Amino acid sequence: MLPSKVVRHKAGRLVPVLLAGLILAACSSQAPQQTSNVNIQGPAAGKSDYYLQQVQQSSDDSKTDWQLLAIRALLKEGKYPQANDQLSQLPQQLSDVQAQELLLLRAQLQIGQQDFDGAQQRLGQVKPSLLSQDQLKRFYALQIAAAQNRPSLALLRAYIAQEPLLNGAEHQSNIDGTWQALTQLSQDQLNSLVINADENTLQGWLDLLNTWHANSQDAQMLKSAIADWKTRYPQNPGAKTLPTQLNQAQNMTPASTSTIALLLPLNGQAQVFANAIQKGFNDAKNGALTPPPTAPAATDTASAQPAADHGDGSASSPISAEATSPAQPQTAAAPAQAPTAPAAQPSSAQIKVYDTSSQPIAQLMQQAQQDGATLVVGPLLKNNVETVVNSQTALNVLALNEPEQIQNHPNICYFALSPEDEARDAAHHIYEQGKRQPLLLVPRSSYGDRITNAFAQEWQKLGGSTVQQQRIGNAAELKQGINSGAGIALSGTPVTVQQPQSAGVSIAGLTIPAPQSSTSPPSAENNSGSVDAVYIVASQDELQLIKPMIAMRTSSRNNIALYASSRSAQAGAGPDFRLEMDGLQFSDIPLLSGSNNALMQQAAKSFNNDYSLVRLYAMGLDAWTLANHFNQMRQSPGYAIDGNTGKLSADANCVINRKLTWNQYRQGQIVPAQ
């Protein structure tokens with residue numbers, strides 16, 4: 001309430017009584033300042049209760065506008081049922097301005113309900129030319145949120161279009177988001193990327209990505225290369241505000257590797273695995289990572305067939321994580337390559353090996369620190385990794401396994417060869433090939449449970465619908481089925497996935513809270529029981545029975561794509577097997593897929609063609625590379641290196657993810673999967 005003397009003063013200046021009353025009402029209201037005309041194209045700072053009150057008190061001329069503002073506030077507050085109720089009460093006839101605002105609100109509601117595909121389709125109906133600056137900012141923020149951090153050309157364009165509308169912390173967040181989307185593009189995406197001739201900003205970003213990939217191994221080279229890039233693209237937003245990761249990388253001090261403690265079980269059941277890892281680590285230290293020759297386009301020799309390391313109960317491994325919109329395109333962007341594990345001269349680093357089977361892991365860690373270790377590689381066994389993680393050690397640690405619950409420590413990274421890792425990679429590969437209704441054929445065991453859960457969780461993160469599963473027995477049981485002519489009908493049961501509760505997102509001032517109640521995320525796909533892809537986890541003997549059993553019950557016209565894990569690929573598979581498997585795709589590590597044939601043949605000879613051990617040897621090779629790039633992996637999420645066990649990248653917890661190589665049997669040969 002204004003003081004009475006102020007009112008008298010105003011009245012003394014012949015202010016109309018009506019205006020004084022409006023001033024008094026404004027002073028007593030909790031609502032944001034509003035003009036007489038409701039502006040649905042500007043910011044909305046009020047609470048939903050205020051806007052809903054205005055809806056009740058307004059005439060038909062402004063009621064719809066107040067309703068739209070109320071819906072916007074309800075969405076910001078996470079009150080999705082109330083917002084949906086208000087949406088249903090809107091009139092059918094809307095002005096062009098109201099219709100565009102309604103599209104934005106419906107898309108925001110769909111994102112809040114995790115219907116990301118539906119939101120993208122809705123946003124495709126928006127006409128940006130009819131939007132205000134504030135609406136454009138929200139429009140691009142919704143496009144970014146609907147993409148779920150899945151990198152694409154459309155996502156990059158949304159970030160670039162939004163950037164001029166932002167400032168301060170929101171602007172830096174946009175720059176960092178643009179960079180993250182760039183660095184997460186797959187090599188296939190980069191190879192096929194086509195941009196318009198007038199997309200100078202995007203071309204500059206892509207050139208910065210090439211600059212990063214070419215110079216990320218050396219901080220000083222990177223700093224010089226970025227300075228040169230800035231002179232070539234002075235108007236690029238990244239030249240004015242460098243991504244945080246690049247700022248850190250060009251000023252990063254490499255982790256010291258002068259003395260490395262290698263913690264492995266040198267006795268007992270795990271000794272054979274540890275020996276293979278140790279040999280790979282030492283060979284890499286001594287310069288084994290020479291540049292490979294150009295890999296052949298196809299392989300037709302059985303010697304290139306890998307066996308799998310799986311730990312499914314049939315092996316005696318004690319390693320619990322199984323160490324086993326645009327205009328007509330004009331300009332094609334040059335593809336950017338991730339840095340390959342660099343050629344190395346023999347290193348002068350001192351390697352001290354500690355036997356984790358001889359002493360408690362805590363004592364060994366203490367001894368390593370007393371011996372002057374600057375970095376620890378290992379341990380290998382899961383229980384030992386959990387002990388190290390809980391010890392609060394000050395040493396940098398590249399653990400060769402993962403604990404049950406990942407803990408984020410600034411000095412610990414996790415590098416494991418696990419079946420879950422391979423299943424997640426398979427989900428990505430199958431999804432990228434356009435398949436949407438996968439069936440998993442997996443063993444009837446806890447091993448099969450782990451693969452199923454990992455695949456299904458990753459599949460739903462990608463936006464896929466429910467995954468189907470079908471359990472299979474051993475070779476003897478499969479033989480009984482094929483002898484009786486039963487076949488495999490490919491009729492699975494849905495996999496139930498417990499989704500973590502989303503925390504919501506906030507992008508460029510647009511808040512999208514998580515749903516108030518836990519619901520399964522809707523999907524554009526409707527899984528009606530049909531199958532368009534089958535992921536098979538089986539041994540080679542089992543696969544030879546499974547594929548014809550599928551053919552017995554499935555017409556070739558169904559066009560169901562078959563995929564297999566590396567478990568079914570073994571050394572010595574002859575031409576008959578390759579012909580029988582025609583069309584089937586399978587994954588494996590790059591070393592066993594032709595990335596460096598000379599090194600692969602040398603390793604195979606060392607381990608008597610036991611490719612399970614060759615995989616662990618490759619793990620040792622990559623452990624050396626990761627140790628020498630520990631700070632980059634630890635401090636730069638998304639940092640990637642082409643290694644021997646896959647394309648290696650680190651997430652925010654410094655869990656090293658591996659993207660595998662996919663091959664295909666075709667007319668008796670093995671060729672890269674298309």
# chains A, B, ... in the order shown; residues from 1 in each chain; ligands from 1
>>> residues_around(residues="Gln359 of chain A", least_positions_apart="5", cutoff="12 Å", atoms="only C-alpha atoms", output="MDAnalysis selection string")
chainID A and resid 263:267 354 364:367 384
>>> residues_around(residues="segment 648-655 of chain A", least_positions_apart="4", cutoff="12 Å", atoms="only C-alpha atoms", output="PDB file with N, CA, C and O atoms, in the first residue's frame")
ATOM      1  N   GLN A 180      30.269 -30.605 -27.373  1.00  0.00           N
ATOM      2  CA  GLN A 180      29.963 -31.985 -26.981  1.00  0.00           C
ATOM      3  C   GLN A 180      29.259 -32.725 -28.111  1.00  0.00           C
ATOM      4  O   GLN A 180      29.574 -33.883 -28.405  1.00  0.00           O
ATOM      5  N   THR A 183      31.920 -33.620 -30.785  1.00  0.00           N
ATOM      6  CA  THR A 183      32.861 -34.678 -30.424  1.00  0.00           C
ATOM      7  C   THR A 183      32.203 -36.037 -30.302  1.00  0.00           C
ATOM      8  O   THR A 183      32.893 -37.053 -30.340  1.00  0.00           O
ATOM      9  N   GLN A 184      30.873 -36.075 -30.159  1.00  0.00           N
ATOM     10  CA  GLN A 184      30.181 -37.349 -30.027  1.00  0.00           C
ATOM     11  C   GLN A 184      29.657 -37.881 -31.357  1.00  0.00           C
ATOM     12  O   GLN A 184      29.080 -38.975 -31.397  1.00  0.00           O
ATOM     13  N   SER A 186      29.649 -39.937 -34.558  1.00  0.00           N
ATOM     14  CA  SER A 186      30.378 -41.143 -34.934  1.00  0.00           C
ATOM     15  C   SER A 186      31.161 -40.891 -36.219  1.00  0.00           C
ATOM     16  O   SER A 186      30.894 -39.941 -36.963  1.00  0.00           O
ATOM     17  N   ALA A 338      39.274 -39.554 -35.176  1.00  0.00           N
ATOM     18  CA  ALA A 338      39.725 -39.583 -33.795  1.00  0.00           C
ATOM     19  C   ALA A 338      41.194 -39.968 -33.766  1.00  0.00           C
ATOM     20  O   ALA A 338      41.667 -40.689 -34.644  1.00  0.00           O
ATOM     21  N   PRO A 339      41.945 -39.467 -32.778  1.00  0.00           N
ATOM     22  CA  PRO A 339      43.364 -39.797 -32.745  1.00  0.00           C
ATOM     23  C   PRO A 339      43.584 -41.285 -32.556  1.00  0.00           C
ATOM     24  O   PRO A 339      42.982 -41.903 -31.697  1.00  0.00           O
ATOM     25  N   THR A 340      44.406 -41.861 -33.389  1.00  0.00           N
ATOM     26  CA  THR A 340      44.757 -43.267 -33.250  1.00  0.00           C
ATOM     27  C   THR A 340      45.803 -43.409 -32.156  1.00  0.00           C
ATOM     28  O   THR A 340      46.598 -42.506 -31.919  1.00  0.00           O
ATOM     29  N   ALA A 341      45.768 -44.540 -31.468  1.00  0.00           N
ATOM     30  CA  ALA A 341      46.795 -44.790 -30.473  1.00  0.00           C
ATOM     31  C   ALA A 341      48.146 -44.544 -31.126  1.00  0.00           C
ATOM     32  O   ALA A 341      48.506 -45.191 -32.102  1.00  0.00           O
ATOM     33  N   VAL A 397      44.658 -43.782 -10.625  1.00  0.00           N
ATOM     34  CA  VAL A 397      44.409 -45.220 -10.791  1.00  0.00           C
ATOM     35  C   VAL A 397      43.632 -45.469 -12.077  1.00  0.00           C
ATOM     36  O   VAL A 397      42.542 -44.904 -12.276  1.00  0.00           O
ATOM     37  N   LEU A 398      44.205 -46.303 -12.951  1.00  0.00           N
ATOM     38  CA  LEU A 398      43.475 -46.827 -14.101  1.00  0.00           C
ATOM     39  C   LEU A 398      43.085 -48.263 -13.757  1.00  0.00           C
ATOM     40  O   LEU A 398      43.867 -49.202 -13.943  1.00  0.00           O
ATOM     41  N   ALA A 399      41.898 -48.435 -13.191  1.00  0.00           N
ATOM     42  CA  ALA A 399      41.444 -49.757 -12.784  1.00  0.00           C
ATOM     43  C   ALA A 399      41.100 -50.589 -14.015  1.00  0.00           C
ATOM     44  O   ALA A 399      40.535 -50.075 -14.988  1.00  0.00           O
ATOM     45  N   LEU A 400      41.432 -51.877 -13.978  1.00  0.00           N
ATOM     46  CA  LEU A 400      41.176 -52.770 -15.109  1.00  0.00           C
ATOM     47  C   LEU A 400      39.897 -53.577 -14.919  1.00  0.00           C
ATOM     48  O   LEU A 400      39.768 -54.694 -15.410  1.00  0.00           O
ATOM     49  N   ASN A 401      38.962 -52.992 -14.219  1.00  0.00           N
ATOM     50  CA  ASN A 401      37.651 -53.591 -14.001  1.00  0.00           C
ATOM     51  C   ASN A 401      36.733 -52.500 -13.460  1.00  0.00           C
ATOM     52  O   ASN A 401      37.180 -51.380 -13.204  1.00  0.00           O
ATOM     53  N   GLU A 402      35.475 -52.833 -13.277  1.00  0.00           N
ATOM     54  CA  GLU A 402      34.504 -51.881 -12.744  1.00  0.00           C
ATOM     55  C   GLU A 402      33.857 -52.450 -11.494  1.00  0.00           C
ATOM     56  O   GLU A 402      33.519 -53.634 -11.449  1.00  0.00           O
ATOM     57  N   PRO A 403      33.648 -51.625 -10.453  1.00  0.00           N
ATOM     58  CA  PRO A 403      32.891 -52.097  -9.288  1.00  0.00           C
ATOM     59  C   PRO A 403      31.410 -52.189  -9.628  1.00  0.00           C
ATOM     60  O   PRO A 403      30.959 -51.714 -10.679  1.00  0.00           O
ATOM     61  N   GLN A 405      28.966 -50.626  -8.218  1.00  0.00           N
ATOM     62  CA  GLN A 405      28.456 -49.261  -8.252  1.00  0.00           C
ATOM     63  C   GLN A 405      29.607 -48.322  -8.586  1.00  0.00           C
ATOM     64  O   GLN A 405      30.570 -48.225  -7.831  1.00  0.00           O
ATOM     65  N   ILE A 406      29.516 -47.645  -9.719  1.00  0.00           N
ATOM     66  CA  ILE A 406      30.580 -46.737 -10.132  1.00  0.00           C
ATOM     67  C   ILE A 406      30.613 -45.528  -9.205  1.00  0.00           C
ATOM     68  O   ILE A 406      29.580 -44.904  -8.934  1.00  0.00           O
ATOM     69  N   GLN A 407      31.801 -45.217  -8.708  1.00  0.00           N
ATOM     70  CA  GLN A 407      32.010 -44.025  -7.897  1.00  0.00           C
ATOM     71  C   GLN A 407      32.875 -43.046  -8.684  1.00  0.00           C
ATOM     72  O   GLN A 407      33.874 -43.435  -9.273  1.00  0.00           O
ATOM     73  N   ASN A 408      32.464 -41.797  -8.670  1.00  0.00           N
ATOM     74  CA  ASN A 408      33.188 -40.773  -9.415  1.00  0.00           C
ATOM     75  C   ASN A 408      34.268 -40.163  -8.531  1.00  0.00           C
ATOM     76  O   ASN A 408      33.976 -39.410  -7.605  1.00  0.00           O
ATOM     77  N   HIS A 409      35.520 -40.517  -8.797  1.00  0.00           N
ATOM     78  CA  HIS A 409      36.663 -39.950  -8.092  1.00  0.00           C
ATOM     79  C   HIS A 409      37.541 -39.218  -9.098  1.00  0.00           C
ATOM     80  O   HIS A 409      37.765 -39.717 -10.209  1.00  0.00           O
ATOM     81  N   PRO A 410      38.078 -38.056  -8.748  1.00  0.00           N
ATOM     82  CA  PRO A 410      38.866 -37.275  -9.711  1.00  0.00           C
ATOM     83  C   PRO A 410      40.177 -37.924 -10.117  1.00  0.00           C
ATOM     84  O   PRO A 410      40.832 -37.449 -11.045  1.00  0.00           O
ATOM     85  N   ASN A 411      40.566 -39.013  -9.448  1.00  0.00           N
ATOM     86  CA  ASN A 411      41.849 -39.660  -9.760  1.00  0.00           C
ATOM     87  C   ASN A 411      41.686 -41.116 -10.185  1.00  0.00           C
ATOM     88  O   ASN A 411      42.663 -41.865 -10.197  1.00  0.00           O
ATOM     89  N   ILE A 412      40.460 -41.531 -10.550  1.00  0.00           N
ATOM     90  CA  ILE A 412      40.231 -42.938 -10.909  1.00  0.00           C
ATOM     91  C   ILE A 412      39.479 -43.025 -12.229  1.00  0.00           C
ATOM     92  O   ILE A 412      38.481 -42.333 -12.449  1.00  0.00           O
ATOM     93  N   CYS A 413      39.974 -43.888 -13.131  1.00  0.00           N
ATOM     94  CA  CYS A 413      39.265 -44.257 -14.358  1.00  0.00           C
ATOM     95  C   CYS A 413      39.063 -45.767 -14.363  1.00  0.00           C
ATOM     96  O   CYS A 413      39.823 -46.512 -13.721  1.00  0.00           O
ATOM     97  N   TYR A 414      38.052 -46.232 -15.089  1.00  0.00           N
ATOM     98  CA  TYR A 414      37.700 -47.654 -15.120  1.00  0.00           C
ATOM     99  C   TYR A 414      37.760 -48.170 -16.554  1.00  0.00           C
ATOM    100  O   TYR A 414      37.079 -47.649 -17.435  1.00  0.00           O
ATOM    101  N   PHE A 415      38.561 -49.215 -16.759  1.00  0.00           N
ATOM    102  CA  PHE A 415      38.720 -49.796 -18.092  1.00  0.00           C
ATOM    103  C   PHE A 415      38.509 -51.298 -17.981  1.00  0.00           C
ATOM    104  O   PHE A 415      39.309 -51.994 -17.348  1.00  0.00           O
ATOM    105  N   ALA A 416      37.434 -51.803 -18.576  1.00  0.00           N
ATOM    106  CA  ALA A 416      37.100 -53.221 -18.449  1.00  0.00           C
ATOM    107  C   ALA A 416      36.641 -53.778 -19.786  1.00  0.00           C
ATOM    108  O   ALA A 416      36.066 -53.061 -20.609  1.00  0.00           O
ATOM    109  N   LEU A 417      36.915 -55.060 -20.000  1.00  0.00           N
ATOM    110  CA  LEU A 417      36.322 -55.778 -21.132  1.00  0.00           C
ATOM    111  C   LEU A 417      35.174 -56.605 -20.566  1.00  0.00           C
ATOM    112  O   LEU A 417      35.389 -57.665 -19.996  1.00  0.00           O
ATOM    113  N   ASP A 421      29.456 -54.248 -21.787  1.00  0.00           N
ATOM    114  CA  ASP A 421      30.008 -53.241 -22.690  1.00  0.00           C
ATOM    115  C   ASP A 421      29.706 -53.612 -24.139  1.00  0.00           C
ATOM    116  O   ASP A 421      29.298 -52.768 -24.956  1.00  0.00           O
ATOM    117  N   ASP A 425      27.194 -51.674 -26.941  1.00  0.00           N
ATOM    118  CA  ASP A 425      27.652 -51.312 -28.280  1.00  0.00           C
ATOM    119  C   ASP A 425      26.741 -51.922 -29.343  1.00  0.00           C
ATOM    120  O   ASP A 425      26.443 -51.282 -30.357  1.00  0.00           O
ATOM    121  N   ILE A 589      36.812 -56.747 -31.392  1.00  0.00           N
ATOM    122  CA  ILE A 589      37.748 -55.654 -31.187  1.00  0.00           C
ATOM    123  C   ILE A 589      38.476 -55.359 -32.498  1.00  0.00           C
ATOM    124  O   ILE A 589      38.640 -56.243 -33.342  1.00  0.00           O
ATOM    125  N   PRO A 590      38.932 -54.128 -32.704  1.00  0.00           N
ATOM    126  CA  PRO A 590      39.611 -53.782 -33.962  1.00  0.00           C
ATOM    127  C   PRO A 590      40.838 -54.643 -34.255  1.00  0.00           C
ATOM    128  O   PRO A 590      41.087 -54.961 -35.428  1.00  0.00           O
ATOM    129  N   MET A 619      43.963 -55.519 -24.503  1.00  0.00           N
ATOM    130  CA  MET A 619      43.616 -54.704 -23.344  1.00  0.00           C
ATOM    131  C   MET A 619      44.878 -54.134 -22.695  1.00  0.00           C
ATOM    132  O   MET A 619      44.908 -52.966 -22.283  1.00  0.00           O
ATOM    133  N   ASP A 622      46.114 -51.241 -24.824  1.00  0.00           N
ATOM    134  CA  ASP A 622      45.321 -50.034 -24.625  1.00  0.00           C
ATOM    135  C   ASP A 622      45.492 -49.463 -23.226  1.00  0.00           C
ATOM    136  O   ASP A 622      45.373 -48.238 -23.026  1.00  0.00           O
ATOM    137  N   ALA A 623      45.759 -50.315 -22.245  1.00  0.00           N
ATOM    138  CA  ALA A 623      45.997 -49.813 -20.889  1.00  0.00           C
ATOM    139  C   ALA A 623      47.218 -48.898 -20.864  1.00  0.00           C
ATOM    140  O   ALA A 623      47.244 -47.880 -20.166  1.00  0.00           O
ATOM    141  N   THR A 625      48.294 -47.057 -23.442  1.00  0.00           N
ATOM    142  CA  THR A 625      47.884 -45.821 -24.094  1.00  0.00           C
ATOM    143  C   THR A 625      47.039 -44.959 -23.167  1.00  0.00           C
ATOM    144  O   THR A 625      47.234 -43.741 -23.060  1.00  0.00           O
ATOM    145  N   LEU A 626      46.099 -45.577 -22.481  1.00  0.00           N
ATOM    146  CA  LEU A 626      45.242 -44.829 -21.561  1.00  0.00           C
ATOM    147  C   LEU A 626      46.040 -44.250 -20.404  1.00  0.00           C
ATOM    148  O   LEU A 626      45.774 -43.123 -19.953  1.00  0.00           O
ATOM    149  N   HIS A 629      47.572 -41.096 -21.330  1.00  0.00           N
ATOM    150  CA  HIS A 629      46.610 -40.025 -21.589  1.00  0.00           C
ATOM    151  C   HIS A 629      45.585 -39.976 -20.456  1.00  0.00           C
ATOM    152  O   HIS A 629      44.412 -39.664 -20.669  1.00  0.00           O
ATOM    153  N   PHE A 630      46.075 -40.250 -19.257  1.00  0.00           N
ATOM    154  CA  PHE A 630      45.161 -40.367 -18.116  1.00  0.00           C
ATOM    155  C   PHE A 630      44.436 -39.054 -17.845  1.00  0.00           C
ATOM    156  O   PHE A 630      43.218 -39.036 -17.650  1.00  0.00           O
ATOM    157  N   ASN A 631      45.167 -37.944 -17.814  1.00  0.00           N
ATOM    158  CA  ASN A 631      44.529 -36.667 -17.495  1.00  0.00           C
ATOM    159  C   ASN A 631      43.505 -36.260 -18.540  1.00  0.00           C
ATOM    160  O   ASN A 631      42.455 -35.700 -18.219  1.00  0.00           O
ATOM    161  N   GLN A 632      43.807 -36.526 -19.810  1.00  0.00           N
ATOM    162  CA  GLN A 632      42.830 -36.204 -20.844  1.00  0.00           C
ATOM    163  C   GLN A 632      41.555 -37.010 -20.657  1.00  0.00           C
ATOM    164  O   GLN A 632      40.445 -36.486 -20.781  1.00  0.00           O
ATOM    165  N   MET A 633      41.694 -38.288 -20.368  1.00  0.00           N
ATOM    166  CA  MET A 633      40.527 -39.138 -20.163  1.00  0.00           C
ATOM    167  C   MET A 633      39.748 -38.717 -18.914  1.00  0.00           C
ATOM    168  O   MET A 633      38.521 -38.666 -18.914  1.00  0.00           O
ATOM    169  N   ARG A 634      40.484 -38.398 -17.864  1.00  0.00           N
ATOM    170  CA  ARG A 634      39.849 -38.093 -16.587  1.00  0.00           C
ATOM    171  C   ARG A 634      39.165 -36.730 -16.612  1.00  0.00           C
ATOM    172  O   ARG A 634      38.083 -36.545 -16.034  1.00  0.00           O
ATOM    173  N   GLN A 635      39.767 -35.760 -17.283  1.00  0.00           N
ATOM    174  CA  GLN A 635      39.292 -34.387 -17.188  1.00  0.00           C
ATOM    175  C   GLN A 635      38.491 -33.931 -18.403  1.00  0.00           C
ATOM    176  O   GLN A 635      37.922 -32.847 -18.378  1.00  0.00           O
ATOM    177  N   SER A 636      38.458 -34.726 -19.448  1.00  0.00           N
ATOM    178  CA  SER A 636      37.773 -34.304 -20.679  1.00  0.00           C
ATOM    179  C   SER A 636      36.790 -35.368 -21.132  1.00  0.00           C
ATOM    180  O   SER A 636      37.103 -36.192 -21.991  1.00  0.00           O
ATOM    181  N   PRO A 637      35.573 -35.403 -20.546  1.00  0.00           N
ATOM    182  CA  PRO A 637      34.579 -36.366 -21.004  1.00  0.00           C
ATOM    183  C   PRO A 637      34.366 -36.264 -22.506  1.00  0.00           C
ATOM    184  O   PRO A 637      34.245 -35.172 -23.060  1.00  0.00           O
ATOM    185  N   GLY A 638      34.334 -37.395 -23.181  1.00  0.00           N
ATOM    186  CA  GLY A 638      34.199 -37.421 -24.627  1.00  0.00           C
ATOM    187  C   GLY A 638      35.523 -37.549 -25.350  1.00  0.00           C
ATOM    188  O   GLY A 638      35.549 -37.819 -26.544  1.00  0.00           O
ATOM    189  N   TYR A 639      36.638 -37.359 -24.631  1.00  0.00           N
ATOM    190  CA  TYR A 639      37.946 -37.552 -25.243  1.00  0.00           C
ATOM    191  C   TYR A 639      38.034 -38.986 -25.757  1.00  0.00           C
ATOM    192  O   TYR A 639      37.669 -39.932 -25.059  1.00  0.00           O
ATOM    193  N   ALA A 640      38.499 -39.171 -26.979  1.00  0.00           N
ATOM    194  CA  ALA A 640      38.459 -40.503 -27.593  1.00  0.00           C
ATOM    195  C   ALA A 640      39.772 -40.831 -28.283  1.00  0.00           C
ATOM    196  O   ALA A 640      40.452 -39.942 -28.809  1.00  0.00           O
ATOM    197  N   ILE A 641      40.127 -42.100 -28.261  1.00  0.00           N
ATOM    198  CA  ILE A 641      41.315 -42.620 -28.936  1.00  0.00           C
ATOM    199  C   ILE A 641      40.920 -43.918 -29.640  1.00  0.00           C
ATOM    200  O   ILE A 641      40.188 -44.740 -29.087  1.00  0.00           O
ATOM    201  N   ASP A 642      41.405 -44.100 -30.863  1.00  0.00           N
ATOM    202  CA  ASP A 642      41.193 -45.369 -31.555  1.00  0.00           C
ATOM    203  C   ASP A 642      42.201 -46.378 -31.027  1.00  0.00           C
ATOM    204  O   ASP A 642      43.393 -46.311 -31.339  1.00  0.00           O
ATOM    205  N   GLY A 643      41.731 -47.312 -30.228  1.00  0.00           N
ATOM    206  CA  GLY A 643      42.599 -48.304 -29.617  1.00  0.00           C
ATOM    207  C   GLY A 643      42.458 -49.660 -30.265  1.00  0.00           C
ATOM    208  O   GLY A 643      41.783 -49.829 -31.286  1.00  0.00           O
ATOM    209  N   ASN A 644      43.088 -50.644 -29.651  1.00  0.00           N
ATOM    210  CA  ASN A 644      43.064 -52.016 -30.167  1.00  0.00           C
ATOM    211  C   ASN A 644      41.852 -52.812 -29.686  1.00  0.00           C
ATOM    212  O   ASN A 644      41.512 -53.832 -30.276  1.00  0.00           O
ATOM    213  N   LYS A 659      33.753 -48.637 -28.514  1.00  0.00           N
ATOM    214  CA  LYS A 659      32.936 -48.861 -29.715  1.00  0.00           C
ATOM    215  C   LYS A 659      33.660 -49.897 -30.550  1.00  0.00           C
ATOM    216  O   LYS A 659      34.804 -49.698 -30.967  1.00  0.00           O
ATOM    217  N   LEU A 660      33.006 -51.030 -30.790  1.00  0.00           N
ATOM    218  CA  LEU A 660      33.639 -52.163 -31.451  1.00  0.00           C
ATOM    219  C   LEU A 660      33.543 -52.063 -32.969  1.00  0.00           C
ATOM    220  O   LEU A 660      32.856 -51.201 -33.525  1.00  0.00           O
ATOM    221  N   THR A 661      34.235 -52.962 -33.627  1.00  0.00           N
ATOM    222  CA  THR A 661      34.177 -53.072 -35.086  1.00  0.00           C
ATOM    223  C   THR A 661      33.123 -54.108 -35.458  1.00  0.00           C
ATOM    224  O   THR A 661      33.051 -55.176 -34.851  1.00  0.00           O
TER     225      THR A 661
END
>>> closest_residue(among="A:Leu182, A:Ala45, A:Val194, A:Ala284", to="Trp212 of chain A", atoms="only C-alpha atoms")
A:Leu182
>>> closest_residue(among="A:Arg106, A:Met600, A:Val97, A:Pro346", to="Pro128 of chain A", atoms="only C-alpha atoms")
A:Val97
>>> closest_residue(among="A:Ser173, A:Asn247, A:Asn608, A:Ser566", to="Ala423 of chain A", atoms="only C-alpha atoms")
A:Ser566
>>> closest_residue(among="A:Gln278, A:Gln570, A:Ser587, A:Asn596", to="Asn609 of chain A", atoms="only C-alpha atoms")
A:Gln570
>>> residues_around(residues="Ile175 of chain A", least_positions_apart="6", cutoff="8 Å", atoms="only C-alpha atoms", output="list in words")
Tyr159, Glu163, Pro237, Gly238, Thr241, Leu242 and Pro243 of chain A
>>> residues_around(residues="Ile482 of chain A", least_positions_apart="6", cutoff="12 Å", atoms="only C-alpha atoms", output="list in words")
Ala475, Ala476, Ile488, Glu542, Gln544, Leu545, Ile546, Lys547, Pro548, Met549, Ile550, Ala551, Met552 and Arg553 of chain A
>>> closest_residue(among="A:Asp65, A:Asp218, A:Asp355, A:Glu422", to="Val38 of chain A", atoms="only C-alpha atoms")
A:Asp65
>>> residues_around(residues="Phe455 of chain A", least_positions_apart="5", cutoff="8 Å", atoms="only C-alpha atoms", output="list in words")
Glu420, Ala423, Arg424, Ala426 and Ala427 of chain A
>>> write_last_selection(atoms="N, CA and C atoms", output="tab-separated table (two decimals), in the first residue's frame")
chain	number	residue	atom	x	y	z
A	420	GLU	N	28.66	-56.71	-20.80
A	420	GLU	CA	27.71	-55.61	-20.81
A	420	GLU	C	28.15	-54.51	-21.77
A	423	ALA	N	27.29	-55.56	-25.19
A	423	ALA	CA	25.84	-55.50	-25.42
A	423	ALA	C	25.38	-54.07	-25.67
A	424	ARG	N	25.93	-53.13	-24.93
A	424	ARG	CA	25.58	-51.72	-25.14
A	424	ARG	C	26.01	-51.24	-26.53
A	426	ALA	N	26.28	-53.14	-29.12
A	426	ALA	CA	25.37	-53.78	-30.07
A	426	ALA	C	24.06	-53.01	-30.17
A	427	ALA	N	23.56	-52.51	-29.05
A	427	ALA	CA	22.33	-51.72	-29.08
A	427	ALA	C	22.50	-50.50	-29.98
>>> select_by_dssp(residues="segment 96-278 of chain A", states="strand (DSSP E or B)", output="number ranges by chain")
A: 194-195, 259-264
>>> residues_around(residues="Val467 of chain A", least_positions_apart="5", cutoff="9 Å", atoms="only C-alpha atoms", output="list of chain:residue names")
A:Arg436, A:Gln437, A:Pro438, A:Leu439, A:Leu440, A:Thr452, A:Phe455, A:Ala456, A:Trp459, A:Gln460, A:Gly492, A:Thr493, A:Pro494, A:Val495, A:Thr496, A:Asn527
>>> atom_distance(atom1="atom CA of Gln135 of chain A", atom2="atom CA of Gly463 of chain A")
26.5 Å
>>> atom_distance(atom1="atom CA of Ser258 of chain A", atom2="atom CA of Val614 of chain A")
27.1 Å
>>> select_by_dssp(residues="segment 124-193 of chain A", states="alpha helix (DSSP H)", output="number ranges by chain")
A: 133-146, 153-162, 168-183, 187-191
>>> atom_distance(atom1="atom CA of Asn37 of chain A", atom2="atom CA of Gln93 of chain A")
19.5 Å
